[in-house]
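*Asks:* Quick one: structure below, then a few questions.
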Amino acid sequence: MSGPGGTKTVHCAAALVVGTLLAVGLGACAYEDMGDPQPAAAQTHKPAPTMPAKDPGVLGVEARNYAELHKRLAGAPGSVLLADAGPADGPGVGFRKAATLKTSGPHTVTLTCVGGSQAQIFLAQDTGSGTEHMSFKVDCSETQTRVVQLQKGYISAQLTRSDPTGAWTGAVAGIKITAK
C-alpha cells in the first residue's frame with residue numbers, strides 16, 4: 001500500500017465502511033408515531049362522593065357554636081401542644097390531629113362541645129410497647145378538664161360521630177392539650 005494512491009484508497013474504503021455501518025445503524029432507530037394517545041383499557045375509578053350542601057341557617061348556628069367553643073377552650077392554662085375542633089354532626093363530621101410531645105409527664109386535657117348533648121373524643125398515644133387509647137364522653141353543658149399522664153412521643157386526637165344517621169344541627173366539639 002505504499003504505492004501511489006494506496007493510502008488514499010484505504011482511507012476511502014474505511015470511510016465507506018464506517019458510513020455504511022452508520023447508515024444501517026441509524027436506519028434501525030426509526031420512530032413511528034402512533035397518533036393520538038390511546039385511552040386506558042378499563043378505568044374503574046368512581047367519582048368521589050359528594051357531600052350534601054350545608055344549609056345556610058345551620059351554618060349560622062355552627063358559626064355561633066364555634067365562637068362559643070373557642071371561648072371555652074381559651075381558658076385552658078399552659079402552653080398548647082395540640083388543639084383542634086370540628087363539627088360534631090352533619091356532613092364532614094369530626095377531626096383528627098396529631099402532635100409530638102417533647103416531654104413526659106402530666107398534661108391538661110380540656111374538652112368541650114356546643115350545640116349538642118354530648119360528643120366522643122378519642123386520644124391515642126404510641127407508648128413504644130403498643131398504643132394506649134383514652135376515650136372521653138364530653139357533656140356539652142360544661143367544659144371538662146382532666147390531668148392525664150402522657151409519654152414523650154406521638155399523640156393523636158380524634159372526634160367521631162356517635163350517630164352516623166342523626167340530623168345536622170351545627171353542633172361542634174373541640175380539644176386542647178396543654179403542658180403545665
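If you're wondering about the labels, chains in the C-alpha cells are A, B, ... by order shown, residues count from 1 in each chain, ligands from 1 in order shown.
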Near Ala98 (chain A), counting only C-alpha atoms, which residues have an atom at most 7 Å away, once you skip same-chain residues fewer than 3 positions from it, shown as a list in words?
*Replies:*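 Near Ala98 (chain A), the qualifying residues are Ile155, Ser156 and Ala157 of chain A.
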*Asks:* Selected residues, N, CA and C atoms, written as a PDB file, in the first residue's frame, please.
*Replies:*
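Output contents, as saved in part.pdb:
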```pdb
ATOM      1  N   ILE A 155     -48.779  11.552  69.633  1.00  0.00           N
ATOM      2  CA  ILE A 155     -50.120  11.508  70.225  1.00  0.00           C
ATOM      3  C   ILE A 155     -51.117  12.013  69.191  1.00  0.00           C
ATOM      4  N   SER A 156     -52.327  11.455  69.203  1.00  0.00           N
ATOM      5  CA  SER A 156     -53.354  11.924  68.262  1.00  0.00           C
ATOM      6  C   SER A 156     -54.691  12.034  68.961  1.00  0.00           C
ATOM      7  N   ALA A 157     -55.509  12.979  68.475  1.00  0.00           N
ATOM      8  CA  ALA A 157     -56.862  13.190  68.985  1.00  0.00           C
ATOM      9  C   ALA A 157     -57.827  13.069  67.821  1.00  0.00           C
TER      10      ALA A 157
END
```
*Asks:* Got a sec to tell me which of region 70-112 of chain A DSSP assigns to strand (DSSP E or B), as a tab-separated table (two decimals) with C-alpha atoms, in the first residue's frame?
*Replies:*
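Saved result, out-v5.tsv, follows:
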```tsv
chain	number	residue	atom	x	y	z
A	79	SER	CA	-48.59	26.10	76.59
A	80	VAL	CA	-50.63	24.47	73.82
A	81	LEU	CA	-49.33	21.15	72.48
A	82	LEU	CA	-52.39	20.13	70.44
A	83	ALA	CA	-55.68	21.89	69.72
A	84	ASP	CA	-58.45	21.15	67.25
A	85	ALA	CA	-62.19	21.49	66.76
A	86	GLY	CA	-64.72	20.24	64.27
A	87	PRO	CA	-68.38	19.57	63.56
A	95	PHE	CA	-61.50	15.94	63.16
A	96	ARG	CA	-58.20	14.12	63.51
A	97	LYS	CA	-54.99	15.81	64.59
A	98	ALA	CA	-51.59	14.59	65.73
A	99	ALA	CA	-48.62	16.10	67.53
A	100	THR	CA	-45.33	15.00	69.05
A	101	LEU	CA	-44.85	15.53	72.77
A	105	GLY	CA	-45.47	13.99	82.45
A	106	PRO	CA	-48.83	15.40	83.45
A	107	HIS	CA	-50.71	17.30	80.74
A	108	THR	CA	-54.05	19.09	80.93
A	109	VAL	CA	-56.72	17.91	78.50
A	110	THR	CA	-59.57	20.38	78.04
A	111	LEU	CA	-62.66	19.12	76.20
A	112	THR	CA	-65.92	20.82	75.29
```
*Asks:* Using only C-alpha atoms, which of the listed residues (A:Gly128, A:Gly78, A:Gly170, A:Gly92) sits closest to Asp55 (chain A)?
*Replies:*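 Of A:Gly128, A:Gly78, A:Gly170, A:Gly92, the one nearest Asp55 (chain A), counting only C-alpha atoms, is A:Gly170.
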*Asks:* By how many Å are CA of Thr178 (chain A) and CA of Gly94 (chain A) apart?
*Replies:*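 One can read the CA of Thr178 (chain A) to CA of Gly94 (chain A) distance as 20.8 Å.
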*Asks:* Env of Ser141 (chain A): 10 Å cut, atoms = only C-alpha atoms, seq-sep filter 4 positions within chain, self excluded. Answer as a list of chain:residue names.
*Replies:*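 Skipping anything fewer than 4 positions along the chain leaves A:Thr112, A:Cys113, A:Val114, A:Gly115, A:Gly116, A:Ser117, A:Gln118.
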*Asks:* May I ask for the distance between CA of Trp168 (chain A) and CA of Asp89 (chain A), given in Å to one decimal place?
*Replies:*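 Value for the CA of Trp168 (chain A)-CA of Asp89 (chain A) distance: 5.4 Å.
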*Asks:* May I ask for the distance between CA of Gln125 (chain A) and CA of Lys152 (chain A), given in Å to one decimal place?
*Replies:*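 It comes out at 9.2 Å.
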